[in-house]
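Accompanying notes for the structure given below.
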Amino acid sequence: SSSPSSPSSASNLSAQQYKNQPKSLYTQTVSIPLATLYSGTSYATQTFTLKETIWTRYKAAIRGGIAKNIALRGLLTFFSTTLLLRTKPIVSLLFFVLYFHMNVPKPSQTSFESKIECGWKGGTKLTFANVNDDTLNYHYNQNDHNSGMVDVVFTIKEEPHERFTRHGNDLHTSITISYDKAKYGCTLFITPLAEDVEMPIMITLKAGEAIQKMKKQQRAERRQKRGKEHDVETKKQYHKSKK
């Protein structure tokens with residue numbers, strides 16, 4: 001297993017040069033629970049397993065741009081064997097397919113480890129740079145030590161939580177209370193997302209406070225609804241006058 005690395009640490013190329021370098025680029029989405037993203041894994045690592053098949057290998061080569069270089073070299077082999085060695089086209093085609101397959105780089109590992117930092121969101125990308133299988137490099141270009149580079153990128157997807165939803169940097173939750181509690185006030189204790197390390201969240205509602213907030217929200221929703229209806233009516237009148 002390996003940890004995320006930057007392009008500059010993976011080769012002698014600058015970050016921009018490494019980005020433009022043809023490579024195989026594996027991408028995969030992994031689901032992480034909201035609680036894990038909220039708390040992080042400071043004292044442990046998360047294991048990411050790459051699903052690597054022959055089809056994902058070909059798609060990674062196309063995505064990263066290295067397939068084009070390999071295909072051009074393969075075509076050179078195809079025409080040279082057909083014209084110079086006078087082999088049958090079908091045999092040359094088999095040579096081309098074999099050449100392409102043997103030279104498409106693959107990752108040297110399918111298991112990767114990384115810490116989850118506290119506060120990461122869905123869409124965060126973890127890049128493991130230059131994790132190529134060195135045994136395949138000589139097939140492609142023996143003189144280029146950057147040949148056959150492989151990057152693996154995991155994109156984090158936030159798993160839904162049963163009680164909390166995320167809005168930007170905030171956590172939202174809904175609580176149902178009785179009318180009497182809303183009318184006369186009460187104290188609520190909310191179990192936090194990281195309940196093993198955080199104390200329950202205490203919220204004190206004054207008498208009638210929840211009802212006032214609910215009515216205020218309902219008025220705002222009605223105003224917003226009337227505003228949308230007014231916009232639609234204005235557009236209808238505008239189109240009529242235009243005719």
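Naming works like this for the structure tokens: A, B, ... for the chains as they're shown, residue 1 at the start of each chain, ligands 1 onward in shown order.
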
All residues 9 Å or closer to stretch 67-83 of chain A, only C-alpha atoms, same chain fewer than 2 positions away omitted, as a PyMOL selection string: chain A and resi 22-24+58-65+85-89+91-100+103-104+140

Could the residues in this selection be written to a file with C-alpha atoms, as a compact mmCIF listing (two decimals), in the first residue's frame?
# COMPACT_ATOMS: atom_id res chain seq x y z
CA PRO A 22 1.13 10.88 -21.15
CA LYS A 23 0.14 8.32 -18.55
CA SER A 24 -2.53 5.89 -17.48
CA TYR A 58 -7.53 0.29 -21.34
CA LYS A 59 -9.84 3.14 -20.28
CA ALA A 60 -7.15 4.50 -17.94
CA ALA A 61 -4.64 4.49 -20.81
CA ILE A 62 -7.08 6.38 -23.05
CA ARG A 63 -8.02 8.81 -20.28
CA GLY A 64 -4.40 9.62 -19.46
CA GLY A 65 -3.29 9.93 -23.09
CA LEU A 85 8.25 -9.26 -43.51
CA ARG A 86 5.32 -9.76 -45.89
CA THR A 87 3.13 -11.29 -43.19
CA LYS A 88 -0.59 -11.57 -43.66
CA PRO A 89 -2.60 -8.55 -42.46
CA VAL A 91 -1.19 -11.82 -38.41
CA SER A 92 0.08 -8.22 -38.30
CA LEU A 93 -3.17 -7.18 -36.66
CA LEU A 94 -2.66 -9.82 -33.98
CA PHE A 95 0.87 -8.48 -33.44
CA PHE A 96 -0.62 -4.97 -33.05
CA VAL A 97 -3.20 -6.11 -30.48
CA LEU A 98 -0.57 -8.07 -28.56
CA TYR A 99 1.84 -5.12 -28.66
CA PHE A 100 -0.83 -2.71 -27.39
CA ASN A 103 2.56 -2.07 -23.33
CA VAL A 104 -0.44 -0.62 -21.55
CA TYR A 140 7.11 0.88 -23.96

Go through stretch 79-136 of chain A and collect every residue that DSSP, computed from the backbone, puts in helix (DSSP H, G or I); the answer should be as a ChimeraX atom specification. /A:79-83,89-103,134-136

Writer output for current selection, N, CA, C and O atoms, as an mmCIF file, in the first residue's frame:
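Writing done, so here's part36.cif:
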data_model
loop_
_atom_site.group_PDB
_atom_site.id
_atom_site.type_symbol
_atom_site.label_atom_id
_atom_site.label_comp_id
_atom_site.auth_asym_id
_atom_site.auth_seq_id
_atom_site.Cartn_x
_atom_site.Cartn_y
_atom_site.Cartn_z
ATOM 1 N N PHE A 79 2.648 -2.022 -39.809
ATOM 2 C CA PHE A 79 3.038 -1.783 -41.193
ATOM 3 C C PHE A 79 4.408 -2.378 -41.510
ATOM 4 O O PHE A 79 4.632 -2.861 -42.625
ATOM 5 N N SER A 80 5.314 -2.349 -40.538
ATOM 6 C CA SER A 80 6.639 -2.914 -40.783
ATOM 7 C C SER A 80 6.574 -4.423 -40.979
ATOM 8 O O SER A 80 7.237 -4.982 -41.857
ATOM 9 N N THR A 81 5.765 -5.110 -40.186
ATOM 10 C CA THR A 81 5.647 -6.562 -40.342
ATOM 11 C C THR A 81 4.891 -6.928 -41.619
ATOM 12 O O THR A 81 5.176 -7.937 -42.260
ATOM 13 N N THR A 82 3.932 -6.064 -42.005
ATOM 14 C CA THR A 82 3.144 -6.351 -43.203
ATOM 15 C C THR A 82 3.950 -6.103 -44.470
ATOM 16 O O THR A 82 3.937 -6.909 -45.412
ATOM 17 N N LEU A 83 4.678 -4.971 -44.529
ATOM 18 C CA LEU A 83 5.384 -4.589 -45.749
ATOM 19 C C LEU A 83 6.767 -5.231 -45.857
ATOM 20 O O LEU A 83 7.165 -5.706 -46.928
ATOM 21 N N PRO A 89 -2.050 -9.645 -43.278
ATOM 22 C CA PRO A 89 -2.603 -8.547 -42.464
ATOM 23 C C PRO A 89 -3.214 -9.026 -41.153
ATOM 24 O O PRO A 89 -3.079 -8.346 -40.130
ATOM 25 N N ILE A 90 -3.864 -10.189 -41.173
ATOM 26 C CA ILE A 90 -4.484 -10.684 -39.946
ATOM 27 C C ILE A 90 -3.442 -11.007 -38.890
ATOM 28 O O ILE A 90 -3.633 -10.770 -37.698
ATOM 29 N N VAL A 91 -2.275 -11.520 -39.346
ATOM 30 C CA VAL A 91 -1.189 -11.825 -38.412
ATOM 31 C C VAL A 91 -0.600 -10.525 -37.860
ATOM 32 O O VAL A 91 -0.321 -10.404 -36.660
ATOM 33 N N SER A 92 -0.428 -9.524 -38.740
ATOM 34 C CA SER A 92 0.084 -8.224 -38.295
ATOM 35 C C SER A 92 -0.872 -7.565 -37.317
ATOM 36 O O SER A 92 -0.456 -6.907 -36.358
ATOM 37 N N LEU A 93 -2.183 -7.736 -37.563
ATOM 38 C CA LEU A 93 -3.171 -7.179 -36.655
ATOM 39 C C LEU A 93 -3.068 -7.829 -35.279
ATOM 40 O O LEU A 93 -3.183 -7.148 -34.248
ATOM 41 N N LEU A 94 -2.836 -9.130 -35.261
ATOM 42 C CA LEU A 94 -2.658 -9.824 -33.983
ATOM 43 C C LEU A 94 -1.423 -9.311 -33.252
ATOM 44 O O LEU A 94 -1.425 -9.162 -32.034
ATOM 45 N N PHE A 95 -0.339 -9.052 -34.029
ATOM 46 C CA PHE A 95 0.872 -8.475 -33.444
ATOM 47 C C PHE A 95 0.560 -7.108 -32.826
ATOM 48 O O PHE A 95 1.049 -6.779 -31.742
ATOM 49 N N PHE A 96 -0.258 -6.306 -33.541
ATOM 50 C CA PHE A 96 -0.618 -4.970 -33.054
ATOM 51 C C PHE A 96 -1.390 -5.067 -31.744
ATOM 52 O O PHE A 96 -1.094 -4.351 -30.781
ATOM 53 N N VAL A 97 -2.396 -5.946 -31.699
ATOM 54 C CA VAL A 97 -3.202 -6.112 -30.484
ATOM 55 C C VAL A 97 -2.336 -6.589 -29.322
ATOM 56 O O VAL A 97 -2.455 -6.092 -28.190
ATOM 57 N N LEU A 98 -1.456 -7.556 -29.604
ATOM 58 C CA LEU A 98 -0.570 -8.067 -28.563
ATOM 59 C C LEU A 98 0.384 -6.989 -28.077
ATOM 60 O O LEU A 98 0.626 -6.854 -26.871
ATOM 61 N N TYR A 99 0.916 -6.201 -29.024
ATOM 62 C CA TYR A 99 1.840 -5.124 -28.659
ATOM 63 C C TYR A 99 1.134 -4.094 -27.766
ATOM 64 O O TYR A 99 1.682 -3.660 -26.747
ATOM 65 N N PHE A 100 -0.081 -3.712 -28.161
ATOM 66 C CA PHE A 100 -0.829 -2.710 -27.388
ATOM 67 C C PHE A 100 -1.121 -3.234 -25.987
ATOM 68 O O PHE A 100 -0.923 -2.524 -24.996
ATOM 69 N N HIS A 101 -1.572 -4.478 -25.904
ATOM 70 C CA HIS A 101 -1.918 -5.055 -24.605
ATOM 71 C C HIS A 101 -0.701 -5.155 -23.683
ATOM 72 O O HIS A 101 -0.786 -4.836 -22.491
ATOM 73 N N MET A 102 0.429 -5.570 -24.232
ATOM 74 C CA MET A 102 1.631 -5.754 -23.418
ATOM 75 C C MET A 102 2.229 -4.433 -22.943
ATOM 76 O O MET A 102 2.951 -4.400 -21.956
ATOM 77 N N ASN A 103 1.927 -3.342 -23.662
ATOM 78 C CA ASN A 103 2.565 -2.069 -23.330
ATOM 79 C C ASN A 103 1.673 -1.104 -22.555
ATOM 80 O O ASN A 103 2.138 -0.048 -22.150
ATOM 81 N N ASP A 134 6.792 -1.510 -12.618
ATOM 82 C CA ASP A 134 8.096 -1.313 -13.260
ATOM 83 C C ASP A 134 8.458 -2.424 -14.238
ATOM 84 O O ASP A 134 9.269 -2.232 -15.132
ATOM 85 N N THR A 135 7.871 -3.599 -14.086
ATOM 86 C CA THR A 135 8.234 -4.712 -14.953
ATOM 87 C C THR A 135 7.750 -4.494 -16.383
ATOM 88 O O THR A 135 8.214 -5.154 -17.301
ATOM 89 N N LEU A 136 6.816 -3.533 -16.559
ATOM 90 C CA LEU A 136 6.278 -3.305 -17.897
ATOM 91 C C LEU A 136 6.932 -2.137 -18.613
ATOM 92 O O LEU A 136 6.696 -1.935 -19.794
#

Determine the nearest neighbour of A:Leu25 from the options A:Ala220, A:Ala129, A:Leu171, A:Ala182, counting only C-alpha atoms. A:Ala129

To one decimal place in Å, what is the distance between atom CA of A:Ala35 and atom CA of A:Leu205? 26.9 Å

Please provide the set of residues having any atom within 7 Å of A:Phe189, restricted to only C-alpha atoms, with same-chain residues fewer than 2 positions apart removed, written as a ChimeraX atom specification. /A:187,191,200-203

Identify, with DSSP run on backbone atoms, the residues in stretch 37-143 of chain A assigned to strand (DSSP E), and express the list as a PyMOL selection string. chain A and resi 46-49+111-114+125-128

Write the residues of the selection above to a file with C-alpha atoms, as a JSON list (two decimals), in the first residue's frame.
[["chain", "number", "residue", "atom", "x", "y", "z"],
["A", 46, "GLN", "CA", -8.52, 4.22, 5.43],
["A", 47, "THR", "CA", -7.87, 1.49, 2.87],
["A", 48, "PHE", "CA", -8.92, 2.14, -0.72],
["A", 49, "THR", "CA", -9.11, -0.84, -3.08],
["A", 111, "SER", "CA", -4.57, -1.40, -2.28],
["A", 112, "PHE", "CA", -3.90, 2.15, -1.09],
["A", 113, "GLU", "CA", -4.01, 3.78, 2.32],
["A", 114, "SER", "CA", -4.62, 7.35, 3.42],
["A", 125, "LYS", "CA", -9.83, 13.72, -4.67],
["A", 126, "LEU", "CA", -6.97, 11.51, -3.43],
["A", 127, "THR", "CA", -4.18, 11.13, -5.98],
["A", 128, "PHE", "CA", -1.60, 8.35, -5.80]]

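Among the candidates A:Asn20, A:Thr56, A:Asp196, A:Tyr26, the residue lying nearest to A:Val131 is A:Tyr26 (atoms considered: only C-alpha atoms).
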
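You will find atom CA of A:Ala44 at 19.0 Å from atom CA of A:Glu158.
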
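Take the candidates A:Leu34, A:Leu84, A:Ala210, A:Ile54 and check each one against A:Ile116 using only C-alpha atoms; the shortest distance goes to A:Leu34.
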
I need the residue nearest A:Gln21 from this list: A:Ser108, A:Asn130, A:Thr173, A:Thr36. Use only C-alpha atoms for the distance. A:Asn130

Selection: 8 Å around A:Gly208, only C-alpha atoms, excl. self and same-chain fewer than 4 positions, as a PyMOL selection string: chain A and resi 182-185+212
